Amino acid sequence: MNEDSIRLLREVNAGCKNATDSFGQVMEFIRSDGLLDMVKEYNEKHVKIGDTCHQLLNESGEDEKDPSSIAKAFMWFTTEVKMMMDDDDSHIAELLADGCNMGIKSLSRYVRQYEKAGQEEKDLARRLIELEMELYRKLLCYL
């Protein structure tokens, strides 16, 4: 596995971790059964992609990339403050949609940046991009 493949897998894995951390943080505030079920469903889908990344990295003798502690703490704090100010489902959907948008943009950039990555790794990144786009579209009805 080449260096671009490893870097791309690490970014995909970090994106999955960011998403599952966000899902876990907002689940307790969700009032709508439909939104809660959707968040649980997409959490599972992100975990599966993350597990695939983890497996591919392990097979290559590489470590996964965790989101930086500072970024994680900032994201957690920002979400907590926003939830204290407004914890209705439309606000939760907006926060998650913003996260999807950031993920789509950054992953698309990484796919282009790591152009020498293998097809399997690019396909996995594109799968996560499509998942984020799908979730984004579904969140719109809760805004």
# chains A, B, ... in the order shown; residues from 1 in each chain; ligands from 1
call {"tool": "residues_around", "arguments": {"residues": "A:Tyr142", "least_positions_apart": "6", "cutoff": "12 Å", "atoms": "only C-alpha atoms", "output": "ChimeraX atom specification"}}
result
/A:30-36,38,88-97,135-136
call {"tool": "closest_atom_pairs", "arguments": {"of": "stretch 22-73 of chain A", "to": "stretch 131-134 of chain A", "cutoff": "9 Å", "atoms": "only C-alpha atoms", "output": "JSON lines"}}
result
{"residue": "A:Tyr42", "atom": "CA", "partner": "A:Leu131", "partner_atom": "CA", "distance": 8.1}
{"residue": "A:Lys45", "atom": "CA", "partner": "A:Leu131", "partner_atom": "CA", "distance": 8.1}
{"residue": "A:His46", "atom": "CA", "partner": "A:Leu131", "partner_atom": "CA", "distance": 8.3}
call {"tool": "write_last_selection", "arguments": {"atoms": "N, CA and C atoms", "output": "compact mmCIF listing (two decimals), in the first residue's frame"}}
result
# COMPACT_ATOMS: atom_id res chain seq x y z
N TYR A 42 -27.19 5.93 10.68
CA TYR A 42 -26.00 6.48 10.04
C TYR A 42 -24.77 6.35 10.94
N LYS A 45 -23.52 2.96 10.03
CA LYS A 45 -22.89 2.97 8.71
C LYS A 45 -21.49 3.60 8.78
N HIS A 46 -21.34 4.64 9.58
CA HIS A 46 -20.03 5.26 9.75
C HIS A 46 -19.07 4.32 10.49
call {"tool": "atom_distance", "arguments": {"atom1": "atom CA of A:Arg137", "atom2": "atom CA of A:Ala125"}}
result
18.6 Å
call {"tool": "residues_around", "arguments": {"residues": "stretch 104-121 of chain A", "least_positions_apart": "5", "cutoff": "7 Å", "atoms": "only C-alpha atoms", "output": "list in words"}}
result
Asn2, Asp4, Ser5, Leu8, Leu9, Ile129 and Glu132 of chain A
call {"tool": "select_by_dssp", "arguments": {"residues": "chain A", "states": "helix (DSSP H, G or I)", "output": "VMD selection string"}}
result
chain A and resid 3 to 29 33 to 59 69 to 85 89 to 113 119 to 142
call {"tool": "closest_residue", "arguments": {"among": "A:Asn43, A:Asp51, A:Ala14, A:Leu124", "to": "A:Met27", "atoms": "only C-alpha atoms"}}
result
A:Asn43
call {"tool": "atom_distance", "arguments": {"atom1": "atom CA of A:Thr52", "atom2": "atom CA of A:Phe29"}}
result
29.4 Å
call {"tool": "atom_distance", "arguments": {"atom1": "atom CA of A:Met1", "atom2": "atom CA of A:Ala19"}}
result
25.8 Å
call {"tool": "closest_residue", "arguments": {"among": "A:Ile6, A:Leu143, A:Cys16, A:Cys53", "to": "A:Cys100", "atoms": "only C-alpha atoms"}}
result
A:Cys16
call {"tool": "closest_residue", "arguments": {"among": "A:Lys40, A:Phe23, A:Glu3, A:Glu11", "to": "A:Ser60", "atoms": "only C-alpha atoms"}}
result
A:Glu3
